[in-house]
>>> print(open('target12.txt').read())   # compact mmCIF, C-alpha atoms and all ligand atoms
# COMPACT_ATOMS: atom_id res chain seq x y z
CA MET E 1 118.16 94.03 84.76
CA PRO E 2 115.97 97.00 85.77
CA LEU E 3 112.22 96.39 85.81
CA ILE E 4 109.50 98.91 85.04
CA ALA E 5 106.10 97.59 86.10
CA GLY E 6 102.70 99.11 85.33
CA ASN E 7 99.95 98.46 87.89
CA TRP E 8 96.71 99.33 86.16
CA LYS E 9 94.65 98.79 89.34
CA MET E 10 90.89 98.53 88.61
CA ASN E 11 91.08 100.26 85.24
CA LEU E 12 90.49 99.11 81.64
CA ASP E 13 88.27 96.26 80.46
CA HIS E 14 89.74 93.54 78.24
CA LEU E 15 89.15 95.47 75.01
CA GLN E 16 90.75 98.61 76.40
CA ALA E 17 93.59 96.44 77.69
CA ILE E 18 94.33 95.14 74.20
CA ALA E 19 94.30 98.68 72.81
CA LEU E 20 96.70 99.93 75.49
CA VAL E 21 99.15 97.06 75.08
CA GLN E 22 99.14 97.51 71.31
CA LYS E 23 99.82 101.24 71.65
CA LEU E 24 102.55 100.60 74.19
CA ALA E 25 104.16 97.99 71.94
CA TRP E 26 104.10 100.43 69.02
CA SER E 27 105.66 103.25 71.00
CA LEU E 28 108.38 100.97 72.34
CA LYS E 29 109.02 99.61 68.85
CA ASP E 30 109.29 103.16 67.52
CA VAL E 31 112.10 103.91 69.93
CA LYS E 32 113.67 100.47 69.36
CA HIS E 33 113.35 99.58 73.03
CA ASP E 34 115.69 96.76 74.05
CA PHE E 35 113.74 94.43 76.37
CA GLY E 36 117.01 92.72 77.22
CA ASP E 37 118.17 96.00 78.74
CA VAL E 38 115.08 97.11 80.68
CA GLU E 39 112.31 94.63 81.46
CA VAL E 40 108.74 95.88 81.15
CA ALA E 41 105.72 94.30 82.85
CA VAL E 42 102.02 95.14 82.87
CA PHE E 43 99.57 94.20 85.62
CA PRO E 44 96.02 94.28 84.19
CA PRO E 45 92.87 93.27 86.11
CA PHE E 46 92.16 89.51 86.22
CA THR E 47 89.47 89.67 83.53
CA ASP E 48 92.00 91.12 81.04
CA LEU E 49 94.78 88.62 81.59
CA ARG E 50 93.74 86.03 79.01
CA SER E 51 93.28 88.67 76.29
CA VAL E 52 96.64 90.29 77.03
CA GLN E 53 98.37 86.90 77.19
CA THR E 54 96.95 85.96 73.78
CA LEU E 55 98.05 89.28 72.27
CA LEU E 56 101.57 89.01 73.70
CA ALA E 57 101.93 85.49 72.33
CA ALA E 58 100.41 86.23 68.89
CA ASP E 59 102.51 89.33 68.31
CA LYS E 60 105.59 87.91 70.04
CA LEU E 61 105.79 90.91 72.36
CA SER E 62 108.44 90.78 75.06
CA LEU E 63 106.32 92.42 77.74
CA ALA E 64 105.97 90.38 80.93
CA LEU E 65 102.52 89.75 82.36
CA GLY E 66 101.69 90.42 86.00
CA ALA E 67 98.60 89.96 88.17
CA GLN E 68 97.46 92.35 90.88
CA ASP E 69 96.50 89.86 93.57
CA VAL E 70 96.11 86.14 94.25
CA SER E 71 94.48 83.76 96.71
CA PRO E 72 96.65 82.30 99.46
CA HIS E 73 94.93 78.97 98.67
CA LEU E 74 95.52 76.84 95.58
CA SER E 75 91.98 75.49 95.11
CA GLY E 76 88.74 74.78 96.90
CA ALA E 77 85.74 76.53 98.41
CA TYR E 78 87.01 80.12 98.21
CA THR E 79 84.32 81.94 96.26
CA GLY E 80 85.68 84.82 94.24
CA ASP E 81 89.34 83.99 94.80
CA ILE E 82 91.86 83.44 92.00
CA SER E 83 94.44 80.67 92.35
CA ALA E 84 98.14 81.07 91.61
CA GLN E 85 97.74 77.91 89.50
CA PHE E 86 95.34 79.74 87.17
CA LEU E 87 97.68 82.72 86.88
CA SER E 88 100.62 80.51 86.12
CA LYS E 89 98.66 78.84 83.28
CA LEU E 90 98.21 82.29 81.73
CA ASP E 91 101.99 82.79 81.51
CA THR E 92 101.87 85.29 84.34
CA ARG E 93 105.39 86.03 85.51
CA TYR E 94 104.82 88.41 88.43
CA VAL E 95 102.08 88.71 91.05
CA LEU E 96 101.67 91.73 93.31
CA VAL E 97 101.18 90.84 96.96
CA GLY E 98 100.73 93.21 99.86
CA HIS E 99 99.86 96.29 97.84
CA SER E 100 98.76 98.94 100.32
CA GLU E 101 95.33 99.09 98.68
CA ARG E 102 94.92 95.42 99.69
CA ARG E 103 96.54 95.80 103.12
CA HIS E 104 94.45 98.85 104.03
CA GLY E 105 91.32 98.44 101.89
CA HIS E 106 90.90 94.70 102.51
CA GLY E 107 92.50 94.26 105.92
CA GLU E 108 95.29 92.01 104.64
CA GLY E 109 97.94 91.58 107.31
CA ASP E 110 101.47 90.28 107.07
CA ASP E 111 100.35 86.65 107.52
CA ILE E 112 98.06 86.76 104.48
CA VAL E 113 100.68 88.58 102.43
CA ALA E 114 103.23 85.89 103.35
CA ALA E 115 100.82 83.08 102.40
CA LYS E 116 100.10 84.76 99.06
CA ALA E 117 103.81 85.25 98.32
CA LYS E 118 104.37 81.57 99.06
CA ALA E 119 101.49 80.48 96.80
CA VAL E 120 102.96 82.55 93.95
CA ALA E 121 106.50 81.22 94.41
CA THR E 122 105.41 77.59 94.66
CA GLN E 123 103.66 77.95 91.29
CA GLY E 124 106.86 79.11 89.62
CA MET E 125 106.03 82.82 89.48
CA VAL E 126 107.72 85.76 91.13
CA PRO E 127 105.95 87.56 93.98
CA MET E 128 106.31 91.34 93.83
CA ILE E 129 106.02 92.11 97.51
CA CYS E 130 104.87 95.66 98.25
CA VAL E 131 106.03 97.28 101.48
CA GLY E 132 105.68 100.83 102.72
CA GLU E 133 104.91 103.10 105.62
CA THR E 134 101.90 105.36 106.12
CA ALA E 135 102.31 109.06 106.86
CA ALA E 136 101.62 108.26 110.54
CA ASP E 137 104.25 105.48 110.58
CA LEU E 138 106.73 107.88 109.03
CA GLU E 139 106.12 110.43 111.76
CA GLU E 140 106.21 107.90 114.60
CA GLN E 141 108.90 105.43 113.51
CA GLY E 142 110.75 106.95 110.57
CA ALA E 143 110.60 105.61 107.03
CA ALA E 144 112.26 102.19 107.20
CA ALA E 145 110.81 100.41 110.27
CA VAL E 146 107.48 99.31 108.79
CA PRO E 147 108.84 98.31 105.35
CA LEU E 148 111.56 96.23 107.03
CA ALA E 149 109.06 94.41 109.25
CA GLN E 150 106.78 93.77 106.27
CA LEU E 151 109.71 92.45 104.23
CA GLU E 152 110.76 90.04 106.97
CA ALA E 153 107.26 88.69 107.45
CA ALA E 154 106.71 88.16 103.73
CA ILE E 155 109.94 86.42 102.86
CA ALA E 156 109.95 84.20 105.96
CA ALA E 157 107.41 81.95 104.23
CA LEU E 158 109.22 81.77 100.88
CA PRO E 159 111.31 78.79 99.83
CA LYS E 160 114.99 79.72 100.22
CA ASP E 161 115.68 79.64 96.48
CA ALA E 162 112.57 81.58 95.42
CA GLU E 163 113.07 84.74 93.39
CA PHE E 164 111.14 87.75 94.67
CA VAL E 165 110.91 91.45 93.90
CA ILE E 166 110.34 94.12 96.54
CA ALA E 167 108.41 97.28 95.71
CA TYR E 168 108.95 100.05 98.25
CA GLU E 169 105.81 102.16 98.08
CA PRO E 170 105.34 104.76 100.81
CA VAL E 171 101.56 104.80 101.31
CA TRP E 172 101.59 108.61 101.48
CA ALA E 173 103.16 108.78 98.02
CA ILE E 174 100.71 106.48 96.21
CA GLY E 175 98.33 108.31 93.90
CA SER E 176 99.00 111.53 95.81
CA GLY E 177 101.19 113.35 93.33
CA GLU E 178 103.64 113.69 96.22
CA PRO E 179 106.42 111.24 95.41
CA ALA E 180 109.20 110.43 97.84
CA THR E 181 112.46 112.11 96.97
CA ALA E 182 115.07 109.96 95.25
CA GLU E 183 117.15 110.16 98.45
CA GLN E 184 114.25 108.94 100.61
CA ALA E 185 113.67 106.01 98.24
CA GLU E 186 117.38 105.17 98.24
CA GLN E 187 117.61 105.27 102.02
CA VAL E 188 114.80 102.76 102.51
CA CYS E 189 115.87 100.55 99.58
CA ALA E 190 119.41 100.42 100.98
CA ALA E 191 118.02 99.33 104.37
CA LEU E 192 115.83 96.71 102.68
CA ARG E 193 118.77 95.32 100.73
CA ALA E 194 120.88 95.13 103.88
CA ARG E 195 118.10 93.20 105.62
CA ILE E 196 117.78 90.80 102.66
CA ALA E 197 121.55 90.22 102.94
CA GLU E 198 121.14 89.33 106.63
CA LEU E 199 118.26 86.99 105.92
CA ARG E 200 119.28 85.43 102.61
CA GLY E 201 122.95 86.24 102.09
CA ALA E 202 124.84 88.76 99.98
CA LYS E 203 124.28 87.05 96.63
CA VAL E 204 120.48 87.01 96.91
CA ALA E 205 120.56 90.61 98.19
CA ALA E 206 122.59 91.73 95.18
CA GLU E 207 120.33 89.88 92.73
CA THR E 208 116.98 90.93 94.20
CA ARG E 209 115.35 93.83 92.43
CA LEU E 210 114.05 96.66 94.59
CA LEU E 211 111.55 98.99 92.97
CA TYR E 212 110.27 102.36 94.06
CA GLY E 213 106.57 103.15 93.63
CA GLY E 214 104.39 106.14 94.45
CA SER E 215 103.57 108.94 91.98
CA VAL E 216 106.28 107.88 89.53
CA ALA E 217 106.18 109.86 86.27
CA SER E 218 108.48 110.44 83.32
CA GLN E 219 109.85 113.63 84.91
CA ASN E 220 110.96 111.94 88.15
CA VAL E 221 111.77 108.32 87.18
CA ALA E 222 115.41 108.95 86.26
CA GLY E 223 116.17 110.34 89.73
CA TYR E 224 115.12 107.05 91.36
CA LEU E 225 116.90 104.81 88.88
CA ARG E 226 120.10 106.77 89.37
CA GLN E 227 120.22 105.55 92.98
CA ALA E 228 122.44 102.58 93.79
CA ASN E 229 119.69 100.54 95.43
CA VAL E 230 116.70 101.31 93.22
CA ASP E 231 116.39 98.78 90.39
CA GLY E 232 113.11 99.82 88.86
CA ALA E 233 109.72 101.40 89.36
CA LEU E 234 106.17 100.28 90.11
CA VAL E 235 103.98 102.75 88.27
CA GLY E 236 100.25 103.19 88.89
CA GLY E 237 98.36 106.09 87.30
CA ALA E 238 101.05 106.91 84.75
CA SER E 239 101.00 103.34 83.37
CA LEU E 240 97.50 103.92 81.93
CA ASP E 241 98.88 106.35 79.34
CA SER E 242 100.91 104.44 76.75
CA GLN E 243 103.01 107.47 75.77
CA GLU E 244 103.84 108.41 79.34
CA PHE E 245 104.55 104.81 80.36
CA SER E 246 106.78 104.40 77.32
CA ARG E 247 108.73 107.53 78.38
CA ILE E 248 109.11 106.04 81.87
CA VAL E 249 110.41 102.78 80.39
CA GLN E 250 113.01 104.84 78.52
CA PHE E 251 114.36 106.27 81.77
CA LYS E 252 117.91 105.66 80.61
CA LYS E 253 117.51 108.45 78.07
CA HIS E 254 116.72 110.83 80.92
CA VAL E 255 119.63 109.50 83.01
CA THR E 256 122.27 109.77 80.32
CA GLY E 257 120.63 112.61 78.41
CA ALA E 258 121.02 110.48 75.24
P1 LIG Y 301 100.75 105.67 91.58
O1 LIG Y 301 100.50 104.19 92.15
O2 LIG Y 301 101.91 105.58 90.61
O3 LIG Y 301 99.46 106.06 90.91
O4 LIG Y 301 101.09 106.54 92.74
C1 LIG Y 301 101.55 103.32 92.44
C2 LIG Y 301 101.01 102.01 92.96
O5 LIG Y 301 100.01 102.01 93.69
O6 LIG Y 301 101.55 100.93 92.65
>>> encode(input="target12.txt", output="structure tokens", more="lines below")
Ligand code: PGA
Amino acid sequence: MPLIAGNWKMNLDHLQAIALVQKLAWSLKDVKHDFGDVEVAVFPPFTDLRSVQTLLAADKLSLALGAQDVSPHLSGAYTGDISAQFLSKLDTRYVLVGHSERRHGHGEGDDIVAAKAKAVATQGMVPMICVGETAADLEEQGAAAVPLAQLEAAIAALPKDAEFVIAYEPVWAIGSGEPATAEQAEQVCAALRARIAELRGAKVAAETRLLYGGSVASQNVAGYLRQANVDGALVGGASLDSQEFSRIVQFKKHVTGA
């Protein structure tokens, strides 16, 4: 099933989070969105998670809850860190690991990303592993080399039967208003799927969802989802606007023109 994920980054306090989720739920209800057809997940800041979880449960909303980061450790003297155990208790389904804003802004290398992915999987949640090349990588090595290396490093630590999602996010496309073309996204996602097949077998490769992220909006989402190897989108800025995010979730209407 396709997955549309909204990464709010460091935006919206817990009251604003409740308002946004309510508005999103209303707009999706208005268009009779079928959550069994396209899965929708939101990734609020840590301080909003409990409020959003409570709202989802009280109103029986079918949105999945995601977290933006996690500690590689499960408990102990790690001031400021958040354990995968805590996230799991909040009914969190997905956890982003290796987002470029963590890799580049916080110096997180492949080893830390792998340890975080493992912590998430061992607590029964699904790591959403972000991979992507910088503009310099693209010029020097082409688009796929860095994402493939990041993929390998991250899944090496995962238990063999662990579900994971890969988000291909070219760093140059994030928040830049300069999205990759649908063909560029397809090319890298196809290479990622082929590598997953080598590492985990054809069945896992076919079942693993590969998302594209980087300046996704309602006008361009359908182009990505039309590609054979793109199974969803990781949306940043545009997920903060309930109307726009709802239009992105309804990408099938743009694809089929229905
Ligand atoms: P953007 O962010 O949609 O604002 O480019 C995507 C992301 O960072 O996940």
>>> closest_atom_pairs(input="target12.txt", of="segment 51-137 of chain E", to="segment 155-175 of chain E", cutoff="6 Å", atoms="all atoms listed in the file", output="CSV")
residue,atom,partner,partner_atom,distance
E:Ala114,CA,E:Ala157,CA,5.8
E:Lys118,CA,E:Leu158,CA,5.2
E:Val126,CA,E:Phe164,CA,5.3
E:Pro127,CA,E:Phe164,CA,5.2
E:Met128,CA,E:Val165,CA,4.6
E:Ile129,CA,E:Ile166,CA,4.9
E:Cys130,CA,E:Ala167,CA,4.6
E:Val131,CA,E:Tyr168,CA,5.2
E:Gly132,CA,E:Pro170,CA,4.4
E:Glu133,CA,E:Pro170,CA,5.1
E:Thr134,CA,E:Val171,CA,4.9
E:Ala135,CA,E:Trp172,CA,5.4
>>> atom_distance(input="target12.txt", atom1="atom CA of Val188 of chain E", atom2="atom CA of Ala144 of chain E")
5.4 Å
>>> residues_around(input="target12.txt", residues="Leu192 of chain E", least_positions_apart="2", cutoff="9 Å", atoms="all atoms listed in the file", output="PyMOL selection string")
chain E and resi 144+147-148+151+166+168+187-190+194-197+205+210
>>> atom_distance(input="target12.txt", atom1="atom CA of Ala77 of chain E", atom2="atom CA of Val52 of chain E")
27.7 Å
>>> residues_near_ligand(input="target12.txt", ligand="ligand LIG 301 (chain Y)", cutoff="10 Å", atoms="only C-alpha atoms and all ligand atoms", output="PyMOL selection string")
chain E and resi 5-9+43+68+96+99-101+130+167-179+212-217+233-240
>>> residues_near_point(input="target12.txt", point="(109.1, 105.5, 73.1)", cutoff="10 Å", atoms="only C-alpha atoms", output="number ranges by chain")
E: 24-33, 242-250
>>> write_last_selection(input="target12.txt", atoms="C-alpha atoms", output="PDB file, keeping the file's coordinate frame")
ATOM      1  CA  LEU E  24     102.550 100.600  74.190  1.00  0.00           C
ATOM      2  CA  ALA E  25     104.160  97.990  71.940  1.00  0.00           C
ATOM      3  CA  TRP E  26     104.100 100.430  69.020  1.00  0.00           C
ATOM      4  CA  SER E  27     105.660 103.250  71.000  1.00  0.00           C
ATOM      5  CA  LEU E  28     108.380 100.970  72.340  1.00  0.00           C
ATOM      6  CA  LYS E  29     109.020  99.610  68.850  1.00  0.00           C
ATOM      7  CA  ASP E  30     109.290 103.160  67.520  1.00  0.00           C
ATOM      8  CA  VAL E  31     112.100 103.910  69.930  1.00  0.00           C
ATOM      9  CA  LYS E  32     113.670 100.470  69.360  1.00  0.00           C
ATOM     10  CA  HIS E  33     113.350  99.580  73.030  1.00  0.00           C
ATOM     11  CA  SER E 242     100.910 104.440  76.750  1.00  0.00           C
ATOM     12  CA  GLN E 243     103.010 107.470  75.770  1.00  0.00           C
ATOM     13  CA  GLU E 244     103.840 108.410  79.340  1.00  0.00           C
ATOM     14  CA  PHE E 245     104.550 104.810  80.360  1.00  0.00           C
ATOM     15  CA  SER E 246     106.780 104.400  77.320  1.00  0.00           C
ATOM     16  CA  ARG E 247     108.730 107.530  78.380  1.00  0.00           C
ATOM     17  CA  ILE E 248     109.110 106.040  81.870  1.00  0.00           C
ATOM     18  CA  VAL E 249     110.410 102.780  80.390  1.00  0.00           C
ATOM     19  CA  GLN E 250     113.010 104.840  78.520  1.00  0.00           C
TER      20      GLN E 250
END
>>> residues_around(input="target12.txt", residues="Asn220 of chain E", least_positions_apart="6", cutoff="10 Å", atoms="all atoms listed in the file", output="list of chain:residue names")
E:Pro179, E:Ala180, E:Thr181, E:Ala182, E:Ile248, E:Phe251, E:His254
>>> atom_distance(input="target12.txt", atom1="atom CA of Gly232 of chain E", atom2="atom CA of Arg93 of chain E")
16.2 Å
